[in-house]
>>> print(open('entry_23.cif').read())   # mmCIF, C-alpha atoms
data_start
loop_
_atom_site.group_PDB
_atom_site.id
_atom_site.type_symbol
_atom_site.label_atom_id
_atom_site.label_comp_id
_atom_site.auth_asym_id
_atom_site.auth_seq_id
_atom_site.Cartn_x
_atom_site.Cartn_y
_atom_site.Cartn_z
ATOM 1 C CA MET A 1 57.240 29.498 20.579
ATOM 2 C CA ARG A 2 58.072 27.322 17.595
ATOM 3 C CA ALA A 3 57.916 24.193 19.753
ATOM 4 C CA HIS A 4 54.546 25.257 21.077
ATOM 5 C CA ARG A 5 53.216 25.707 17.537
ATOM 6 C CA THR A 6 54.514 22.252 16.546
ATOM 7 C CA ALA A 7 52.868 20.641 19.583
ATOM 8 C CA LEU A 8 49.592 22.313 18.773
ATOM 9 C CA ASN A 9 49.699 21.067 15.180
ATOM 10 C CA LEU A 10 50.419 17.477 16.215
ATOM 11 C CA THR A 11 47.654 17.562 18.803
ATOM 12 C CA GLN A 12 45.192 18.926 16.272
ATOM 13 C CA LEU A 13 46.194 16.205 13.835
ATOM 14 C CA ALA A 14 45.739 13.526 16.494
ATOM 15 C CA ILE A 15 42.291 14.882 17.368
ATOM 16 C CA LEU A 16 41.246 14.879 13.710
ATOM 17 C CA VAL A 17 42.498 11.322 13.198
ATOM 18 C CA GLY A 18 40.668 10.245 16.362
ATOM 19 C CA LEU A 19 37.418 11.818 15.239
ATOM 20 C CA ALA A 20 37.712 10.240 11.789
ATOM 21 C CA ALA A 21 38.368 6.790 13.297
ATOM 22 C CA TRP A 22 35.392 7.171 15.619
ATOM 23 C CA LEU A 23 33.064 8.263 12.806
ATOM 24 C CA MET A 24 34.249 5.534 10.402
ATOM 25 C CA ALA A 25 33.899 2.776 12.978
ATOM 26 C CA GLY A 26 30.368 3.949 13.832
ATOM 27 C CA CYS A 27 29.302 3.928 10.182
ATOM 28 C CA ALA A 28 30.656 0.422 9.683
ATOM 29 C CA THR A 29 28.498 -1.072 12.409
ATOM 30 C CA VAL A 30 25.206 0.594 13.338
ATOM 31 C CA THR A 31 24.611 2.052 9.871
ATOM 32 C CA GLY A 32 25.295 -1.372 8.384
ATOM 33 C CA PHE A 33 22.681 -2.964 10.647
ATOM 34 C CA VAL A 34 20.142 -0.276 9.741
ATOM 35 C CA VAL A 35 20.729 -0.682 5.985
ATOM 36 C CA THR A 36 20.536 -4.485 6.169
ATOM 37 C CA GLY A 37 17.425 -4.412 8.373
ATOM 38 C CA GLU A 38 15.651 -1.948 6.098
ATOM 39 C CA SER A 39 16.615 -4.022 3.029
ATOM 40 C CA LEU A 40 15.258 -7.170 4.658
ATOM 41 C CA ASP A 41 12.019 -5.368 5.460
ATOM 42 C CA SER A 42 11.721 -4.049 1.879
ATOM 43 C CA VAL A 43 12.307 -7.511 0.391
ATOM 44 C CA GLY A 44 9.611 -9.004 2.653
ATOM 45 C CA LYS A 45 7.110 -6.324 1.654
ATOM 46 C CA ALA A 46 8.025 -6.752 -2.042
ATOM 47 C CA PHE A 47 7.454 -10.509 -1.712
ATOM 48 C CA VAL A 48 3.939 -9.920 -0.353
ATOM 49 C CA THR A 49 3.170 -7.450 -3.166
ATOM 50 C CA VAL A 50 4.424 -9.858 -5.849
ATOM 51 C CA GLY A 51 2.501 -12.751 -4.260
ATOM 52 C CA GLN A 52 -0.762 -10.826 -4.069
ATOM 53 C CA THR A 53 -0.290 -9.806 -7.711
ATOM 54 C CA TYR A 54 0.278 -13.433 -8.766
ATOM 55 C CA ASN A 55 -2.938 -14.491 -6.976
ATOM 56 C CA ARG A 56 -4.896 -11.671 -8.632
ATOM 57 C CA GLU A 57 -3.431 -12.411 -12.055
ATOM 58 C CA LEU A 58 -4.171 -16.129 -11.658
ATOM 59 C CA ASP A 59 -7.814 -15.319 -10.885
ATOM 60 C CA ALA A 60 -7.920 -13.113 -13.978
ATOM 61 C CA LYS A 61 -6.224 -15.889 -15.989
ATOM 62 C CA ARG A 62 -3.443 -13.513 -16.968
ATOM 63 C CA VAL A 63 -0.775 -15.895 -15.697
ATOM 64 C CA THR A 64 -0.662 -19.543 -16.689
ATOM 65 C CA PRO A 65 -0.657 -22.374 -14.124
ATOM 66 C CA GLU A 66 2.957 -23.074 -15.157
ATOM 67 C CA GLN A 67 3.942 -19.492 -14.425
ATOM 68 C CA TYR A 68 2.126 -19.664 -11.088
ATOM 69 C CA ARG A 69 3.812 -22.964 -10.171
ATOM 70 C CA ASP A 70 7.203 -21.374 -10.896
ATOM 71 C CA TRP A 71 6.256 -18.607 -8.454
ATOM 72 C CA ALA A 72 4.847 -21.048 -5.873
ATOM 73 C CA VAL A 73 8.079 -23.064 -5.683
ATOM 74 C CA PHE A 74 10.068 -19.912 -4.946
ATOM 75 C CA ALA A 75 7.388 -18.516 -2.618
ATOM 76 C CA ARG A 76 7.486 -21.578 -0.348
ATOM 77 C CA LYS A 77 11.283 -21.343 -0.155
ATOM 78 C CA PHE A 78 10.996 -17.642 0.618
ATOM 79 C CA GLN A 79 8.485 -18.267 3.415
ATOM 80 C CA GLN A 80 10.956 -20.680 4.988
ATOM 81 C CA ALA A 81 14.031 -18.500 4.491
ATOM 82 C CA TYR A 82 12.578 -15.165 5.616
ATOM 83 C CA PRO A 83 12.121 -15.827 9.357
ATOM 84 C CA SER A 84 15.645 -17.293 9.503
ATOM 85 C CA SER A 85 17.015 -14.174 7.832
ATOM 86 C CA VAL A 86 15.174 -11.950 10.311
ATOM 87 C CA GLN A 87 16.576 -14.012 13.178
ATOM 88 C CA LEU A 88 20.055 -13.804 11.667
ATOM 89 C CA TRP A 89 19.792 -10.015 11.491
ATOM 90 C CA LYS A 90 18.586 -9.817 15.103
ATOM 91 C CA SER A 91 21.487 -12.014 16.222
ATOM 92 C CA ALA A 92 23.951 -9.849 14.279
ATOM 93 C CA VAL A 93 22.605 -6.756 16.050
ATOM 94 C CA ALA A 94 22.568 -8.435 19.467
ATOM 95 C CA VAL A 95 26.187 -9.601 19.302
ATOM 96 C CA ASN A 96 27.397 -6.721 17.101
ATOM 97 C CA ASP A 97 28.710 -9.174 14.502
ATOM 98 C CA ALA A 98 29.641 -7.823 11.073
ATOM 99 C CA ALA A 99 30.101 -11.348 9.654
ATOM 100 C CA LEU A 100 26.464 -12.228 10.427
ATOM 101 C CA THR A 101 25.358 -8.976 8.771
ATOM 102 C CA LYS A 102 27.348 -9.961 5.683
ATOM 103 C CA LYS A 103 25.628 -13.368 5.663
ATOM 104 C CA THR A 104 22.219 -11.657 5.928
ATOM 105 C CA ASN A 105 23.177 -9.410 2.992
ATOM 106 C CA GLU A 106 24.064 -12.461 0.897
ATOM 107 C CA ILE A 107 20.679 -14.054 1.620
ATOM 108 C CA ILE A 108 18.864 -10.801 0.771
ATOM 109 C CA THR A 109 20.767 -10.508 -2.517
ATOM 110 C CA SER A 110 19.860 -14.049 -3.576
ATOM 111 C CA LEU A 111 16.179 -13.558 -2.633
ATOM 112 C CA VAL A 112 15.986 -10.212 -4.470
ATOM 113 C CA THR A 113 17.482 -11.664 -7.651
ATOM 114 C CA GLU A 114 14.846 -14.392 -7.916
ATOM 115 C CA LEU A 115 12.036 -12.136 -6.694
ATOM 116 C CA SER A 116 12.920 -9.575 -9.371
ATOM 117 C CA ARG A 117 12.740 -12.202 -12.109
ATOM 118 C CA LEU A 118 9.374 -13.508 -10.910
ATOM 119 C CA GLY A 119 8.026 -10.007 -10.248
ATOM 120 C CA SER A 120 8.759 -8.949 -13.807
ATOM 121 C CA VAL A 121 6.430 -11.732 -15.069
ATOM 122 C CA VAL A 122 3.454 -10.001 -13.418
ATOM 123 C CA GLY A 123 4.715 -6.461 -14.019
ATOM 124 C CA VAL A 124 5.973 -5.753 -10.495
ATOM 125 C CA GLN A 125 9.361 -4.092 -10.359
ATOM 126 C CA VAL A 126 11.356 -5.212 -7.335
ATOM 127 C CA LEU A 127 14.076 -2.883 -6.157
ATOM 128 C CA GLY A 128 16.220 -3.624 -3.176
ATOM 129 C CA GLY A 129 19.161 -5.542 -1.875
ATOM 130 C CA THR A 130 22.157 -4.032 -0.221
ATOM 131 C CA MET B 1 62.724 18.426 13.412
ATOM 132 C CA PRO B 2 65.183 18.421 16.335
ATOM 133 C CA LEU B 3 64.789 15.563 18.770
ATOM 134 C CA ALA B 4 64.631 18.023 21.636
ATOM 135 C CA LEU B 5 61.360 19.347 20.244
ATOM 136 C CA ILE B 6 59.783 15.936 19.697
ATOM 137 C CA LEU B 7 60.636 14.329 23.040
ATOM 138 C CA PRO B 8 58.339 16.528 25.165
ATOM 139 C CA LEU B 9 55.478 15.718 22.801
ATOM 140 C CA ILE B 10 55.715 11.938 23.162
ATOM 141 C CA PRO B 11 53.407 11.667 26.233
ATOM 142 C CA THR B 12 50.797 13.788 24.453
ATOM 143 C CA ILE B 13 51.044 11.682 21.297
ATOM 144 C CA VAL B 14 50.788 8.424 23.273
ATOM 145 C CA GLU B 15 47.759 9.715 25.140
ATOM 146 C CA MET B 16 46.058 10.804 21.910
ATOM 147 C CA LEU B 17 46.746 7.440 20.246
ATOM 148 C CA SER B 18 45.302 5.691 23.281
ATOM 149 C CA ARG B 19 42.164 7.814 23.019
ATOM 150 C CA ILE B 20 41.891 7.060 19.280
ATOM 151 C CA VAL B 21 42.033 3.316 19.937
ATOM 152 C CA ASN B 22 39.483 3.579 22.752
ATOM 153 C CA ALA B 23 37.152 5.709 20.640
ATOM 154 C CA ALA B 24 37.353 3.241 17.745
ATOM 155 C CA MET B 25 36.709 0.261 20.048
ATOM 156 C CA ASN B 26 33.751 1.858 21.809
ATOM 157 C CA SER B 27 32.164 3.228 18.651
ATOM 158 C CA GLY B 28 30.531 -0.151 17.901
ATOM 159 C CA GLU B 29 28.149 0.418 20.785
ATOM 160 C CA ALA B 30 24.942 1.995 19.580
ATOM 161 C CA THR B 31 23.646 5.173 21.171
ATOM 162 C CA ALA B 32 20.175 5.202 22.738
ATOM 163 C CA GLU B 33 18.760 6.756 19.570
ATOM 164 C CA GLN B 34 20.428 4.131 17.357
ATOM 165 C CA LYS B 35 19.200 1.343 19.627
ATOM 166 C CA ALA B 36 15.663 2.710 19.358
ATOM 167 C CA ARG B 37 15.981 2.746 15.557
ATOM 168 C CA LEU B 38 17.210 -0.858 15.494
ATOM 169 C CA MET B 39 14.373 -1.927 17.810
ATOM 170 C CA GLU B 40 11.879 -0.202 15.549
ATOM 171 C CA ILE B 41 13.287 -2.060 12.518
ATOM 172 C CA ALA B 42 13.115 -5.351 14.467
ATOM 173 C CA ARG B 43 9.443 -4.685 15.285
ATOM 174 C CA ARG B 44 8.700 -3.959 11.606
ATOM 175 C CA LEU B 45 10.560 -7.108 10.527
ATOM 176 C CA ASP B 46 8.324 -9.197 12.825
ATOM 177 C CA GLU B 47 5.276 -7.514 11.330
ATOM 178 C CA THR B 48 6.529 -8.053 7.751
ATOM 179 C CA ASN B 49 7.329 -11.679 8.559
ATOM 180 C CA ARG B 50 3.733 -12.216 9.695
ATOM 181 C CA SER B 51 2.544 -10.836 6.327
ATOM 182 C CA VAL B 52 5.035 -13.064 4.476
ATOM 183 C CA GLN B 53 3.800 -16.162 6.317
ATOM 184 C CA ALA B 54 0.153 -15.170 5.833
ATOM 185 C CA LEU B 55 0.487 -14.884 2.051
ATOM 186 C CA GLU B 56 -1.637 -17.493 0.335
ATOM 187 C CA ILE B 57 0.231 -19.752 -2.072
ATOM 188 C CA ARG B 58 -2.232 -21.667 -4.163
ATOM 189 C CA GLN B 59 -2.047 -25.217 -5.426
ATOM 190 C CA VAL B 60 -2.551 -25.185 -9.183
#
>>> encode(input="entry_23.cif", output="structure tokens")
Amino acid sequence: MRAHRTALNLTQLAILVGLAAWLMAGCATVTGFVVTGESLDSVGKAFVTVGQTYNRELDAKRVTPEQYRDWAVFARKFQQAYPSSVQLWKSAVAVNDAALTKKTNEIITSLVTELSRLGSVVGVQVLGGT
Amino acid sequence: MPLALILPLIPTIVEMLSRIVNAAMNSGEATAEQKARLMEIARRLDETNRSVQALEIRQV
């Protein structure tokens, strides 16, 4: 009777540990891809919003040509970097590679930092990153 | 705990550990619902990228 109770307890423990491992491993992969993909999408949309605001503010002469040039330098870099980042994310998903996801996160973080600084010039608050 | 009580449990423990390892290894594979979500994000990213590329950057 006592042996039976011990076996039951160990089995229950093993089942719980198994479930926890399964849940944790799932969160570390698919959830990570979702968060990174959504962040990348948000950063792209924020870039468009900031860019449209810069164009509008330039027309209204509320930003100086110097301020606009500062934006334009970053904007051209962003337009080059964004499709590569999207491709990197798609590759990470396709091959289930956490290292590629981490690289995508690093790119997003660097883009968000600069976009936030430039967005604040025209009164656009950029939230995002991972 | 007496050894006599533990010995009969060893096959059960080994089997459970094996299942834990298998569950952890297979958990990286997305379910159909998760795959659909990732595909939907990929579609939106393509759409957002088109907007990013279409943004006018003026020469001043």
>>> residues_around(input="entry_23.cif", residues="Pro83 (chain A)", least_positions_apart="5", cutoff="10 Å", atoms="only C-alpha atoms", output="JSON, numbers by chain")
{"A": [44, 78, 88, 89], "B": [45, 46, 48, 49, 50, 52, 53]}
>>> atom_distance(input="entry_23.cif", atom1="CA of Ser51 (chain B)", atom2="CA of Gln52 (chain A)")
10.9 Å
>>> closest_residue(input="entry_23.cif", among="A:Thr29, A:Ser120, A:Ser39, A:Gln67", to="chain B", atoms="only C-alpha atoms")
A:Thr29
>>> axis_aligned_box(input="entry_23.cif", around="region 55-72 of chain A", padding_each_side="8 Å", output="JSON")
{"center_x": -0.4, "center_y": -17.4, "center_z": -11.4, "size_x": 31.1, "size_y": 27.4, "size_z": 27.1}
>>> resolve_selection(input="entry_23.cif", expression="the PyMOL selection byres ((chain A and resi 70-76) around 10)", output="PyMOL selection string")
(chain A and resi 47-48+50-51+54+64-69+77-81+111+114-115+117-119+121) or (chain B and resi 52-53+55-60)
>>> atom_distance(input="entry_23.cif", atom1="CA of Ala54 (chain B)", atom2="CA of Glu106 (chain A)")
24.6 Å
>>> residues_around(input="entry_23.cif", residues="Ala42 (chain B)", least_positions_apart="6", cutoff="12 Å", atoms="only C-alpha atoms", output="PDB file with C-alpha atoms, keeping the file's coordinate frame")
ATOM      1  CA  PHE A  33      22.681  -2.964  10.647  1.00  0.00           C
ATOM      2  CA  VAL A  34      20.142  -0.276   9.741  1.00  0.00           C
ATOM      3  CA  THR A  36      20.536  -4.485   6.169  1.00  0.00           C
ATOM      4  CA  GLY A  37      17.425  -4.412   8.373  1.00  0.00           C
ATOM      5  CA  GLU A  38      15.651  -1.948   6.098  1.00  0.00           C
ATOM      6  CA  LEU A  40      15.258  -7.170   4.658  1.00  0.00           C
ATOM      7  CA  ASP A  41      12.019  -5.368   5.460  1.00  0.00           C
ATOM      8  CA  PRO A  83      12.121 -15.827   9.357  1.00  0.00           C
ATOM      9  CA  SER A  85      17.015 -14.174   7.832  1.00  0.00           C
ATOM     10  CA  VAL A  86      15.174 -11.950  10.311  1.00  0.00           C
ATOM     11  CA  GLN A  87      16.576 -14.012  13.178  1.00  0.00           C
ATOM     12  CA  LEU A  88      20.055 -13.804  11.667  1.00  0.00           C
ATOM     13  CA  TRP A  89      19.792 -10.015  11.491  1.00  0.00           C
ATOM     14  CA  LYS A  90      18.586  -9.817  15.103  1.00  0.00           C
ATOM     15  CA  SER A  91      21.487 -12.014  16.222  1.00  0.00           C
ATOM     16  CA  ALA A  92      23.951  -9.849  14.279  1.00  0.00           C
ATOM     17  CA  VAL A  93      22.605  -6.756  16.050  1.00  0.00           C
ATOM     18  CA  ALA A  94      22.568  -8.435  19.467  1.00  0.00           C
TER      19      ALA A  94
ATOM     20  CA  LYS B  35      19.200   1.343  19.627  1.00  0.00           C
ATOM     21  CA  ALA B  36      15.663   2.710  19.358  1.00  0.00           C
ATOM     22  CA  THR B  48       6.529  -8.053   7.751  1.00  0.00           C
ATOM     23  CA  ASN B  49       7.329 -11.679   8.559  1.00  0.00           C
TER      24      ASN B  49
END
>>> atom_distance(input="entry_23.cif", atom1="CA of Ile107 (chain A)", atom2="CA of Tyr82 (chain A)")
9.1 Å
>>> closest_residue(input="entry_23.cif", among="A:Arg56, A:Val35, A:Lys45, A:Thr104", to="chain B", atoms="all atoms listed in the file")
A:Lys45
